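Q: Please find data-v5.cif (mmCIF, C-alpha atoms) on the next line:
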data_start
#
loop_
_atom_site.label_atom_id
_atom_site.label_comp_id
_atom_site.auth_asym_id
_atom_site.auth_seq_id
_atom_site.Cartn_x
_atom_site.Cartn_y
_atom_site.Cartn_z
CA MET A 214 112.16 -36.66 -27.82
CA GLU A 215 115.22 -34.76 -29.06
CA GLN A 216 114.48 -31.80 -31.31
CA GLU A 217 115.67 -31.91 -34.91
CA LYS A 218 118.18 -29.21 -35.86
CA VAL A 219 116.80 -27.27 -38.80
CA ILE A 220 118.22 -24.77 -41.29
CA LEU A 221 115.64 -22.51 -42.94
CA VAL A 222 116.13 -21.21 -46.49
CA GLY A 223 114.31 -18.27 -48.05
CA VAL A 224 114.74 -16.27 -51.25
CA GLU A 225 113.49 -12.69 -51.42
CA THR A 226 112.48 -11.95 -55.01
CA GLU A 227 110.87 -9.03 -56.80
CA GLU A 228 107.49 -10.75 -56.28
CA THR A 229 107.85 -11.67 -52.59
CA TRP A 230 109.80 -8.76 -51.02
CA LYS A 231 106.74 -7.12 -49.43
CA ASN A 232 105.80 -10.05 -47.17
CA PHE A 233 109.17 -11.81 -47.10
CA GLY A 234 110.14 -10.90 -43.52
CA GLU A 235 106.79 -11.96 -42.11
CA SER A 236 106.79 -15.15 -44.17
CA MET A 237 110.24 -16.19 -42.84
CA GLN A 238 109.20 -15.36 -39.28
CA GLU A 239 106.11 -17.48 -39.80
CA LEU A 240 108.28 -20.34 -41.13
CA LYS A 241 110.29 -20.16 -37.92
CA GLY A 242 107.07 -20.35 -35.89
CA LEU A 243 105.85 -23.32 -37.95
CA THR A 244 109.16 -25.12 -37.39
CA LYS A 245 108.89 -24.54 -33.63
CA THR A 246 105.32 -25.86 -33.68
CA ALA A 247 106.58 -28.99 -35.48
CA LYS A 248 109.10 -29.48 -32.63
CA GLY A 249 112.12 -28.38 -34.65
CA GLU A 250 115.01 -26.19 -33.47
CA VAL A 251 116.06 -23.49 -35.95
CA CYS A 252 119.84 -23.21 -35.84
CA PHE A 253 120.29 -20.92 -38.88
CA SER A 254 118.26 -19.00 -41.49
CA LEU A 255 119.88 -18.67 -44.91
CA ILE A 256 118.50 -15.63 -46.75
CA GLN A 257 119.16 -14.69 -50.36
CA LYS A 258 118.03 -11.77 -52.53
CA ARG A 259 117.70 -12.34 -56.27
CA PRO A 260 115.34 -11.22 -59.07
CA GLN A 261 113.78 -14.69 -59.26
CA VAL A 262 114.43 -18.16 -57.87
CA ASP A 263 116.84 -20.52 -59.63
CA ARG A 264 114.88 -23.09 -61.63
CA GLN A 265 117.10 -25.99 -60.60
CA THR A 266 118.04 -25.32 -56.99
CA ILE A 267 116.02 -22.22 -55.92
CA ILE A 268 119.21 -20.58 -54.53
CA GLY A 269 121.82 -21.25 -57.24
CA LYS A 270 125.06 -23.25 -57.09
CA GLY A 271 127.08 -20.83 -54.95
CA LYS A 272 124.45 -20.61 -52.19
CA LEU A 273 123.87 -24.34 -52.43
CA THR A 274 127.54 -24.92 -51.54
CA GLU A 275 127.13 -22.46 -48.64
CA LEU A 276 124.04 -24.39 -47.50
CA LYS A 277 126.00 -27.68 -47.58
CA ASN A 278 128.73 -26.11 -45.41
CA LEU A 279 126.12 -24.78 -42.95
CA VAL A 280 124.51 -28.21 -42.68
CA GLU A 281 127.90 -29.71 -41.79
CA SER A 282 128.85 -26.87 -39.39
CA TYR A 283 125.59 -26.98 -37.42
CA GLU A 284 125.17 -30.76 -37.81
CA ALA A 285 121.68 -30.04 -39.09
CA ASP A 286 119.17 -32.87 -39.47
CA LEU A 287 116.83 -31.14 -41.90
CA VAL A 288 116.59 -28.23 -44.37
CA ILE A 289 113.28 -26.43 -44.84
CA PHE A 290 112.67 -24.15 -47.84
CA ASN A 291 110.14 -21.31 -47.64
CA HIS A 292 109.08 -22.17 -51.20
CA GLU A 293 107.18 -25.06 -52.71
CA LEU A 294 109.78 -27.36 -54.27
CA THR A 295 109.23 -29.44 -57.37
CA PRO A 296 110.15 -33.14 -57.04
CA ARG A 297 113.27 -32.55 -59.14
CA GLN A 298 114.40 -29.54 -57.07
CA SER A 299 113.85 -31.41 -53.82
CA GLN A 300 115.86 -34.42 -55.03
CA THR A 301 118.72 -32.28 -56.45
CA ILE A 302 119.13 -30.25 -53.26
CA ALA A 303 118.83 -33.27 -50.93
CA ASP A 304 121.45 -35.20 -52.92
CA PHE A 305 123.86 -32.26 -52.68
CA VAL A 306 123.46 -31.32 -48.99
CA ALA A 307 123.14 -34.97 -47.87
CA VAL A 308 120.23 -34.39 -45.44
CA PRO A 309 116.45 -34.53 -45.98
CA VAL A 310 114.96 -31.42 -47.62
CA ILE A 311 111.31 -30.41 -47.30
CA ASP A 312 109.36 -27.28 -48.18
CA ARG A 313 106.79 -25.06 -46.46
CA VAL A 314 103.89 -27.19 -47.73
CA GLN A 315 105.30 -30.40 -46.27
CA LEU A 316 105.97 -28.64 -42.98
CA ILE A 317 102.37 -27.44 -42.71
CA LEU A 318 101.10 -30.90 -43.65
CA ASP A 319 103.28 -32.36 -40.90
CA ILE A 320 101.82 -29.94 -38.31
CA PHE A 321 98.30 -30.77 -39.43
CA ALA A 322 99.10 -34.47 -39.01
CA LEU A 323 100.38 -33.66 -35.51
CA ARG A 324 97.22 -31.71 -34.60
CA ALA A 325 94.48 -33.89 -36.15
CA ARG A 326 92.34 -35.58 -33.49
CA SER A 327 89.04 -36.51 -35.13
CA LYS A 328 88.58 -39.23 -37.72
CA ALA A 329 87.65 -36.60 -40.34
CA GLY A 330 90.71 -34.49 -39.50
CA LYS A 331 93.05 -37.46 -39.83
CA LEU A 332 91.47 -38.47 -43.15
CA GLN A 333 91.81 -34.96 -44.53
CA VAL A 334 95.48 -34.75 -43.52
CA GLU A 335 96.20 -38.16 -45.06
CA LEU A 336 94.47 -37.12 -48.29
CA ALA A 337 96.53 -33.92 -48.53
CA GLN A 338 99.77 -35.80 -47.82
CA LEU A 339 99.06 -38.51 -50.41
CA GLU A 340 98.14 -35.96 -53.10
CA TYR A 341 101.38 -34.13 -52.35
CA LEU A 342 103.42 -37.36 -52.37
CA LEU A 343 102.06 -38.81 -55.63
CA PRO A 344 104.04 -36.65 -58.12
CA ARG A 345 107.11 -36.89 -55.87
CA LEU A 346 107.45 -40.65 -56.39
CA VAL A 347 109.35 -39.89 -59.60
CA GLY A 348 112.64 -39.41 -57.79
CA GLN A 349 112.19 -42.65 -55.90
CA GLY A 350 111.44 -44.50 -59.13
CA LYS A 351 114.67 -43.27 -60.73
CA TYR A 352 116.60 -44.27 -57.64
CA LEU A 353 115.11 -47.79 -57.75
CA SER A 354 115.80 -48.18 -61.46
CA ARG A 355 119.48 -47.30 -60.89
CA LEU A 356 120.04 -50.05 -58.32
CA GLY A 357 121.04 -52.67 -60.88
CA GLY A 358 122.12 -50.20 -63.52
CA GLY A 359 121.30 -52.29 -66.61
CA ILE A 360 119.11 -54.72 -68.51
CA GLY A 361 117.07 -56.97 -66.27
CA THR A 362 117.14 -54.56 -63.36
CA ARG A 363 115.08 -51.63 -64.64
CA GLY A 364 111.80 -53.57 -64.58
CA PRO A 365 111.55 -54.23 -60.85
CA GLY A 366 112.28 -50.58 -60.09
CA GLU A 367 109.63 -49.26 -62.44
CA THR A 368 107.18 -51.95 -61.36
CA LYS A 369 107.65 -50.94 -57.73
CA LEU A 370 107.04 -47.31 -58.67
CA GLU A 371 103.85 -48.12 -60.58
CA THR A 372 102.66 -50.33 -57.70
CA ASP A 373 103.22 -47.47 -55.26
CA ARG A 374 101.40 -45.03 -57.53
CA ARG A 375 98.43 -47.38 -57.99
CA HIS A 376 98.26 -48.00 -54.24
CA ILE A 377 98.28 -44.25 -53.51
CA ARG A 378 95.63 -43.51 -56.17
CA ASN A 379 93.37 -46.24 -54.75
CA LYS A 380 93.92 -44.88 -51.23
CA ILE A 381 93.08 -41.31 -52.38
CA THR A 382 89.84 -42.55 -54.00
CA ALA A 383 88.86 -44.45 -50.83
CA ILE A 384 89.57 -41.44 -48.57
CA LYS A 385 87.58 -39.08 -50.81
CA ARG A 386 84.64 -41.49 -50.69
CA GLU A 387 84.87 -41.66 -46.90
CA LEU A 388 85.13 -37.87 -46.61
CA LYS A 389 81.94 -37.51 -48.70
CA ASP A 390 80.13 -39.59 -46.07
CA VAL A 391 81.65 -37.42 -43.32
CA ALA A 392 80.57 -34.23 -45.15
CA ALA A 393 77.02 -35.60 -45.56
CA HIS A 394 76.86 -36.43 -41.85
CA ARG A 395 78.12 -32.95 -40.95
CA GLU A 396 75.53 -31.39 -43.23
CA ARG A 397 72.74 -33.32 -41.47
CA THR A 398 74.12 -32.22 -38.09
CA ARG A 399 74.33 -28.60 -39.27
CA GLN A 400 70.74 -28.68 -40.51
CA ARG A 401 69.54 -30.02 -37.15
CA ARG A 402 71.41 -27.22 -35.38
CA LYS A 403 70.17 -24.68 -37.93
CA ASN A 404 66.53 -25.48 -37.21
CA ASN A 405 66.81 -24.38 -33.61
CA ARG A 406 69.93 -22.30 -33.03
CA PHE A 407 71.60 -19.14 -34.25
CA GLN A 408 75.08 -20.22 -35.38
CA ILE A 409 78.26 -18.18 -34.81
CA GLY A 410 81.63 -19.18 -36.31
CA LEU A 411 85.11 -18.16 -35.14
CA ILE A 412 87.53 -17.59 -38.00
CA GLY A 413 90.84 -15.79 -38.35
CA TYR A 414 94.58 -16.00 -38.84
CA THR A 415 96.29 -18.79 -36.96
CA ASN A 416 97.35 -17.87 -33.41
CA ALA A 417 95.01 -14.85 -33.26
CA GLY A 418 93.32 -16.21 -30.13
CA LYS A 419 90.18 -17.98 -31.42
CA SER A 420 90.43 -20.91 -29.02
CA THR A 421 91.02 -18.57 -26.06
CA ILE A 422 87.87 -16.62 -26.97
CA MET A 423 85.97 -19.90 -27.36
CA ASN A 424 87.02 -20.89 -23.84
CA VAL A 425 86.12 -17.46 -22.40
CA LEU A 426 82.60 -17.55 -23.84
CA THR A 427 81.69 -21.23 -23.43
CA GLU A 428 84.12 -22.70 -20.88
CA ALA A 429 84.84 -25.30 -23.57
CA LYS A 430 88.37 -26.10 -22.30
CA THR A 431 89.68 -26.14 -25.87
CA TYR A 432 93.43 -26.64 -26.33
CA GLU A 433 95.00 -23.19 -26.52
CA GLN A 434 98.68 -22.41 -26.92
CA ASP A 435 100.86 -19.66 -28.36
CA GLU A 436 101.45 -21.85 -31.41
CA LEU A 437 100.48 -21.82 -35.06
CA PHE A 438 97.60 -24.22 -35.77
CA ALA A 439 97.02 -25.05 -32.07
CA THR A 440 93.46 -26.05 -33.08
CA LEU A 441 92.75 -28.14 -36.15
CA ASP A 442 89.44 -29.96 -35.81
CA PRO A 443 86.27 -27.84 -35.64
CA LEU A 444 84.57 -27.72 -32.26
CA THR A 445 80.99 -26.58 -31.66
CA LYS A 446 79.66 -25.62 -28.23
CA ARG A 447 76.53 -23.92 -26.91
CA TRP A 448 76.85 -20.38 -25.61
CA LYS A 449 74.10 -18.90 -23.45
CA LEU A 450 73.83 -15.12 -23.51
CA PRO A 451 72.83 -13.27 -20.29
CA GLU A 452 69.21 -12.93 -21.54
CA GLY A 453 69.02 -16.72 -21.89
CA PHE A 454 69.37 -16.87 -25.71
CA GLU A 455 71.31 -20.03 -26.63
CA VAL A 456 73.49 -19.95 -29.74
CA THR A 457 76.16 -22.31 -31.06
CA LEU A 458 79.78 -21.23 -31.31
CA THR A 459 82.14 -23.07 -33.68
CA ASP A 460 85.95 -22.81 -33.59
CA THR A 461 87.71 -23.76 -36.84
CA VAL A 462 91.26 -24.10 -38.17
CA GLY A 463 93.26 -20.87 -38.52
CA PHE A 464 94.27 -19.41 -41.86
CA ILE A 465 97.83 -18.65 -42.92
CA GLN A 466 99.67 -17.01 -45.82
CA ASP A 467 100.25 -19.36 -48.75
CA LEU A 468 97.96 -22.02 -47.29
CA PRO A 469 98.75 -25.07 -49.45
CA THR A 470 96.18 -25.78 -52.17
CA GLN A 471 96.09 -29.40 -51.01
CA LEU A 472 94.90 -28.26 -47.59
CA ILE A 473 92.27 -25.85 -48.92
CA ASP A 474 90.83 -28.72 -50.96
CA ALA A 475 91.26 -31.39 -48.30
CA PHE A 476 89.82 -29.25 -45.48
CA HIS A 477 86.89 -27.96 -47.50
CA SER A 478 84.43 -30.02 -45.45
CA THR A 479 86.01 -28.79 -42.20
CA LEU A 480 85.88 -25.16 -43.31
CA GLU A 481 82.29 -25.67 -44.46
CA GLU A 482 81.44 -25.63 -40.76
CA SER A 483 81.75 -21.84 -41.11
CA ARG A 484 79.92 -21.49 -44.43
CA ASP A 485 76.37 -21.79 -43.07
CA MET A 486 76.96 -19.59 -40.04
CA ASP A 487 74.57 -16.72 -39.29
CA LEU A 488 77.44 -14.57 -37.98
CA LEU A 489 81.23 -14.84 -38.23
CA LEU A 490 83.61 -13.49 -35.59
CA HIS A 491 86.83 -12.62 -37.44
CA VAL A 492 89.49 -12.74 -34.71
CA VAL A 493 92.54 -10.55 -35.43
CA ASP A 494 95.77 -10.24 -33.42
CA ALA A 495 95.76 -6.47 -32.84
CA SER A 496 99.38 -6.59 -31.65
CA SER A 497 100.81 -8.24 -34.78
CA PRO A 498 103.14 -5.99 -36.80
CA ASP A 499 101.71 -7.72 -39.89
CA ARG A 500 98.08 -7.25 -38.88
CA THR A 501 96.91 -5.71 -42.18
CA GLN A 502 98.48 -8.50 -44.24
CA GLN A 503 96.92 -11.14 -41.97
CA GLU A 504 93.50 -9.50 -42.29
CA GLN A 505 93.87 -9.46 -46.08
CA THR A 506 94.91 -13.14 -46.16
CA VAL A 507 91.80 -14.16 -44.22
CA LEU A 508 89.45 -11.98 -46.30
CA GLU A 509 90.86 -13.38 -49.56
CA LEU A 510 90.50 -16.98 -48.35
CA MET A 511 86.97 -16.24 -47.15
CA LYS A 512 86.09 -14.96 -50.60
CA GLU A 513 87.63 -18.06 -52.17
CA LEU A 514 85.55 -20.27 -49.85
CA ASP A 515 82.33 -18.23 -50.40
CA PHE A 516 82.15 -16.97 -46.80
CA ASP A 517 82.12 -13.29 -47.73
CA LYS A 518 78.28 -13.04 -47.85
CA THR A 519 77.94 -13.83 -44.13
CA PRO A 520 77.73 -10.91 -41.63
CA ILE A 521 81.11 -10.39 -39.90
CA LEU A 522 82.12 -8.83 -36.60
CA THR A 523 85.87 -8.23 -36.39
CA VAL A 524 87.24 -9.02 -32.92
CA TYR A 525 90.56 -7.28 -32.39
CA ASN A 526 92.23 -9.40 -29.70
CA LYS A 527 95.36 -8.99 -27.52
CA ALA A 528 94.56 -5.37 -26.60
CA ASP A 529 96.80 -5.81 -23.54
CA LYS A 530 99.82 -5.85 -25.87
CA ILE A 531 99.15 -2.51 -27.60
CA ASP A 532 98.61 1.17 -26.82
CA LYS A 533 94.82 1.44 -27.19
CA ALA A 534 94.99 5.20 -27.77
CA GLN A 535 97.20 4.66 -30.84
CA PHE A 536 95.19 1.75 -32.27
CA VAL A 537 93.41 2.40 -35.59
CA PRO A 538 91.05 -0.37 -36.73
CA THR A 539 90.84 -1.18 -40.44
CA LEU A 540 87.77 -3.46 -40.49
CA PHE A 541 84.23 -2.58 -39.40
CA PRO A 542 82.12 -3.32 -37.38
CA ASN A 543 84.63 -4.26 -34.70
CA VAL A 544 85.36 -4.60 -31.01
CA LEU A 545 88.76 -4.36 -29.27
CA ILE A 546 89.33 -6.79 -26.37
CA SER A 547 91.94 -8.78 -24.52
CA ALA A 548 90.69 -12.35 -24.21
CA LYS A 549 92.86 -12.77 -21.11
CA SER A 550 91.10 -9.84 -19.37
CA SER A 551 88.23 -10.38 -16.91
CA ARG A 552 86.18 -7.78 -18.84
CA SER A 553 86.55 -9.51 -22.21
CA LYS A 554 83.44 -11.69 -21.93
CA ALA A 555 81.14 -8.74 -21.16
CA GLU A 556 82.71 -6.55 -23.87
CA LEU A 557 82.48 -9.22 -26.55
CA THR A 558 78.98 -10.28 -25.50
CA ALA A 559 77.74 -6.68 -25.82
CA ALA A 560 79.25 -6.36 -29.33
CA VAL A 561 77.77 -9.70 -30.44
CA ARG A 562 74.39 -8.69 -28.99
CA LEU A 563 74.38 -5.57 -31.18
CA GLN A 564 75.16 -7.68 -34.24
CA LEU A 565 72.36 -10.10 -33.36
CA MET A 566 69.89 -7.22 -33.18
CA GLU A 567 71.03 -6.06 -36.63
CA ASN A 568 70.86 -9.51 -38.24
CA LEU A 569 67.76 -11.02 -36.62
CA GLU A 570 64.16 -10.04 -37.24
CA PRO A 571 62.32 -8.07 -34.52
CA TYR A 572 59.09 -9.45 -33.06
CA ASN A 573 56.39 -8.34 -30.58
CA VAL A 574 54.09 -10.92 -28.94
CA TYR A 575 51.47 -10.89 -26.19
CA LEU A 576 51.43 -13.80 -23.77
CA LYS A 577 48.74 -14.80 -21.29
CA GLN A 578 49.66 -15.13 -17.60
CA ASN A 579 49.56 -18.94 -17.78
CA GLU A 580 51.99 -19.14 -20.74
CA GLY A 581 55.19 -19.21 -18.67
CA LYS A 582 56.51 -22.22 -20.60
CA LEU A 583 56.24 -20.26 -23.85
CA LEU A 584 58.06 -17.31 -22.27
CA ALA A 585 60.90 -19.66 -21.23
CA GLN A 586 61.13 -20.93 -24.82
CA LEU A 587 61.30 -17.38 -26.16
CA LYS A 588 64.17 -16.61 -23.76
CA SER A 589 66.05 -19.70 -24.91
CA GLU A 590 65.41 -19.59 -28.66
CA THR A 591 65.34 -15.82 -29.30
CA LEU A 592 67.09 -12.68 -28.09
CA LEU A 593 64.50 -11.32 -25.67
CA VAL A 594 65.12 -7.62 -24.98
CA HIS A 595 61.93 -6.46 -23.21
CA GLU A 596 59.06 -7.99 -21.23
CA GLU A 597 56.33 -6.00 -19.57
CA PHE A 598 53.09 -6.92 -17.79
CA LEU A 599 50.06 -4.95 -19.05
CA PRO A 600 47.46 -4.79 -16.21
CA GLU A 601 44.61 -3.60 -18.45
CA SER A 602 44.80 -6.69 -20.67
CA GLU A 603 46.38 -9.01 -18.07
CA LYS A 604 48.96 -10.04 -20.66
CA TYR A 605 52.73 -9.85 -21.03
CA LEU A 606 54.20 -7.79 -23.87
CA VAL A 607 57.38 -9.48 -25.04
CA LYS A 608 59.81 -7.90 -27.53
CA GLY A 609 62.85 -9.50 -29.04
CA PHE A 610 64.78 -10.61 -32.11
CA ALA A 611 64.71 -14.04 -33.76
CA LEU A 612 65.67 -16.04 -36.80
CA PRO A 613 62.73 -16.06 -39.28
CA GLU A 614 62.68 -19.87 -39.05
CA ALA A 615 62.90 -20.05 -35.22
CA SER A 616 60.61 -22.94 -34.22
CA VAL A 617 58.99 -21.14 -31.27
CA ILE A 618 58.03 -18.14 -33.46
CA ARG A 619 56.66 -20.44 -36.18
CA ARG A 620 54.52 -22.31 -33.64
CA MET A 621 53.09 -19.05 -32.29
CA GLU A 622 52.34 -17.82 -35.81
CA ASP A 623 50.58 -21.11 -36.61
CA GLU A 624 48.43 -20.79 -33.49
CA LEU A 625 47.47 -17.21 -34.44
CA ASP A 626 46.49 -18.40 -37.94
CA ARG A 627 44.23 -21.03 -36.44
#
Before we go any further, please render this structure as structure tokens.

A:
Amino acid sequence: MEQEKVILVGVETEETWKNFGESMQELKGLTKTAKGEVCFSLIQKRPQVDRQTIIGKGKLTELKNLVESYEADLVIFNHELTPRQSQTIADFVAVPVIDRVQLILDIFALRARSKAGKLQVELAQLEYLLPRLVGQGKYLSRLGGGIGTRGPGETKLETDRRHIRNKITAIKRELKDVAAHRERTRQRRKNNRFQIGLIGYTNAGKSTIMNVLTEAKTYEQDELFATLDPLTKRWKLPEGFEVTLTDTVGFIQDLPTQLIDAFHSTLEESRDMDLLLHVVDASSPDRTQQEQTVLELMKELDFDKTPILTVYNKADKIDKAQFVPTLFPNVLISAKSSRSKAELTAAVRLQLMENLEPYNVYLKQNEGKLLAQLKSETLLVHEEFLPESEKYLVKGFALPEASVIRRMEDELDR
């Protein structure tokens, strides 16, 4: 498939100058992920964007000339365009014009694999499309240009709108069923397993870490939004303690509102976690901004009450001696290194000991099956045979609701 030639357009204003460079670089990465070839980036500085065309008439003429010179197939704006702006610019430059939101929606459509993921993408796209049918309606009503011809155009528009609204309602209903099913699945997992969630900025290395810890063979690439659908796998620690590890979609600056709403049920996979691993690209020049973006979105999604271990990844790309972490507690690793699994496991183990409840139990010599359960369902840190009592002293850490601990407590009560 031949790549589309794309011209990017960005306006640096008094409000956006701080993150403008990173945002444009990110737009380039998003375009590459969507299989587009960036042939030119048109940058403009102005106090605020032009209300009609974002860039003003002079720059719009320059954009038209660039489209013709590079034989561009598409123009992508690093700003959310109103339906009127999109139509005005597209009519003038004579090629399709989309904005950052549409680009991200397109990538999500490309990445969605599960039924829920596809439904959520379709919902976001339809909600974005609905107000943008206005331009199409005007175009249809102009076809005949007089009495007797306006009706069919407007009727077609209203039919399209009604169809989209009905489709949105149906998808939301279906997603409620999906969310309910996920909640039941989460509760089943919650009863028996400590749950760890991987979150972070897109392309920070979450999927690579998932593969290192669980051998999950998750798709991993140096791309934005390489993973979309949540994936949960079991991870067995060296002591035998089995936890679940969930990889979720990456965050990004200016994540479209439609996607935050549409992917609420997907992101809820991380809401009920017992521990979150916030994966950060330690080598990114915009690391602090990326950290802030994730923390703000976590707060918006009510994740900020969950214990967090920050995993600074890609240590192989930085000078470790010069590295200064900004979030605590943390661990610095390179997921590609052979030592990464041991380093990360040790850091997670410390967090488990801080967030689980300690226990001491005495087991009889014939209770080997119970000992095996304790190793699987709790973090067992010490076992010792006591000759004088002919019992095993077992020490560890567990969730208060861990089934094996509850059973033992019930037996003691009896």

Q: Need the shell around range 568-570 of chain A: protein/DNA/RNA residues with any atom at most 6 Å away, counting all atoms listed in the file. Skip same-chain ones fewer than 3 positions apart. Format as a ChimeraX atom specification?

A: /A:565,610-612

Q: Suppose we keep C-alpha atoms; can you now write the selection as a PDB file, keeping the file's coordinate frame?

A:
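Here's the written file again.pdb:
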ATOM      1  CA  LEU A 565      72.360 -10.100 -33.360  1.00  0.00           C
ATOM      2  CA  PHE A 610      64.780 -10.610 -32.110  1.00  0.00           C
ATOM      3  CA  ALA A 611      64.710 -14.040 -33.760  1.00  0.00           C
ATOM      4  CA  LEU A 612      65.670 -16.040 -36.800  1.00  0.00           C
TER       5      LEU A 612
END

Q: On this structure, the PyMOL selection byres ((chain A and resi 442-456) around 7) would catch which residues? List them as a list in words, sorted by chain and number.

A: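 Going through the file, the PyMOL selection byres ((chain A and resi 442-456) around 7) ends up selecting Ala325, Arg326, Ser327, Gly330, Arg406, Phe407, Gln408, Leu426, Thr427, Ala429, Thr440, Leu441, Thr457, Leu458, Thr459, Asp460, Thr461, Val462, Thr479, Lys588, Ser589, Glu590, Thr591, Leu592 and Leu593 of chain A.
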
Q: Can you tell me which residues surround Ile289 in chain A at a distance of at most 10 Å, considering only C-alpha atoms, apart from same-chain residues fewer than 4 positions away, and format the answer as a list in words?

A: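 Residues meeting the cut-off are Val219, Ile220, Leu221, Val222, Gly223, Leu240, Lys241, Thr244, Val251, Ser254, Pro309, Val310, Ile311, Asp312, Arg313, Val314, Gln315 and Leu316 of chain A.
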
Q: Would you write out, as a list of chain:residue names, every residue that the PyMOL selection byres ((chain A and resi 549) around 12) captures in this file?

A: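 Selected by the PyMOL selection byres ((chain A and resi 549) around 12) here: A:Gly418, A:Lys419, A:Ser420, A:Thr421, A:Ile422, A:Met423, A:Asn424, A:Val425, A:Leu426, A:Glu433, A:Asn526, A:Lys527, A:Ala528, A:Asp529, A:Lys530, A:Ile546, A:Ser547, A:Ala548, A:Ser550, A:Ser551, A:Arg552, A:Ser553, A:Lys554.
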
Q: As a check of understanding, name the residues that the PyMOL selection byres ((chain A and resi 378) around 12) selects in the supplied structure, as a VMD selection string.

A: chain A and resid 336 339 to 344 371 to 377 379 to 385

Q: Please compute the CA of Pro542 in chain A-CA of Leu522 in chain A distance, one decimal, in Å.

A: 5.6 Å

Q: Can you work out the spacing between CA of Glu513 in chain A and CA of Val224 in chain A in Å, to one decimal?

A: 27.2 Å

Q: Would you please work out which residue, of A:Asn579, A:Asn416, A:Thr523, A:Ser299, is nearest to Gly242 in chain A when using only C-alpha atoms?

A: A:Asn416

Q: Which residues come within 10 Å of Gly269 in chain A, counting only C-alpha atoms, excluding same-chain residues fewer than 5 positions away, as a ChimeraX atom specification?

A: /A:257,259,262-264,274

Q: Could you check the closest approach to Thr519 in chain A for each of A:Gly609, A:Val507, A:Ile409, A:Val306 and tell me which residue wins, using only C-alpha atoms?

A: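 Using only C-alpha atoms, the shortest distance to Thr519 in chain A belongs to A:Ile409.
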
Q: In Å, rounded to a single decimal, give me how far CA of Tyr575 in chain A is from CA of Lys608 in chain A.

A: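 Atom-to-atom, CA of Lys608 in chain A and CA of Tyr575 in chain A are spaced 9.0 Å apart.
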
Q: Which residues are close to Trp230 in chain A, i.e. within 12 Å by all atoms listed in the file, leaving aside same-chain residues fewer than 4 positions away? Reply as a list in words.

A: Gly223, Val224, Glu225, Thr226, Gly234, Glu235, Ser236, Met237, Ile256, Gln257, Lys258, Arg259, Pro260 and Gln261 of chain A

Q: Using all atoms listed in the file, can you tell me which of A:Phe290, A:Phe536, A:Phe598, A:Tyr572 comes closest to Pro498 in chain A?

A: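 For Pro498 in chain A, the nearest of the candidates is A:Phe536.
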
Q: With only C-alpha atoms as the counted atoms, please give the residues lying no more than 12 Å from Phe305 in chain A, apart from itself and same-chain residues fewer than 5 positions off, as a list in words.

A: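 Residues near the query, excluding close chain neighbours: Thr266, Lys270, Lys272, Leu273, Thr274, Glu275, Leu276, Lys277, Asn278, Val280, Glu281, Val288, Gln298, Ser299, Gln300 and Val310 of chain A.
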
Q: Using all atoms listed in the file, which residue out of A:Ser496, A:Ala559, A:Ser602, A:Phe464 lies closest to Leu514 in chain A?

A: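 Smallest distance to Leu514 in chain A is found for A:Phe464.
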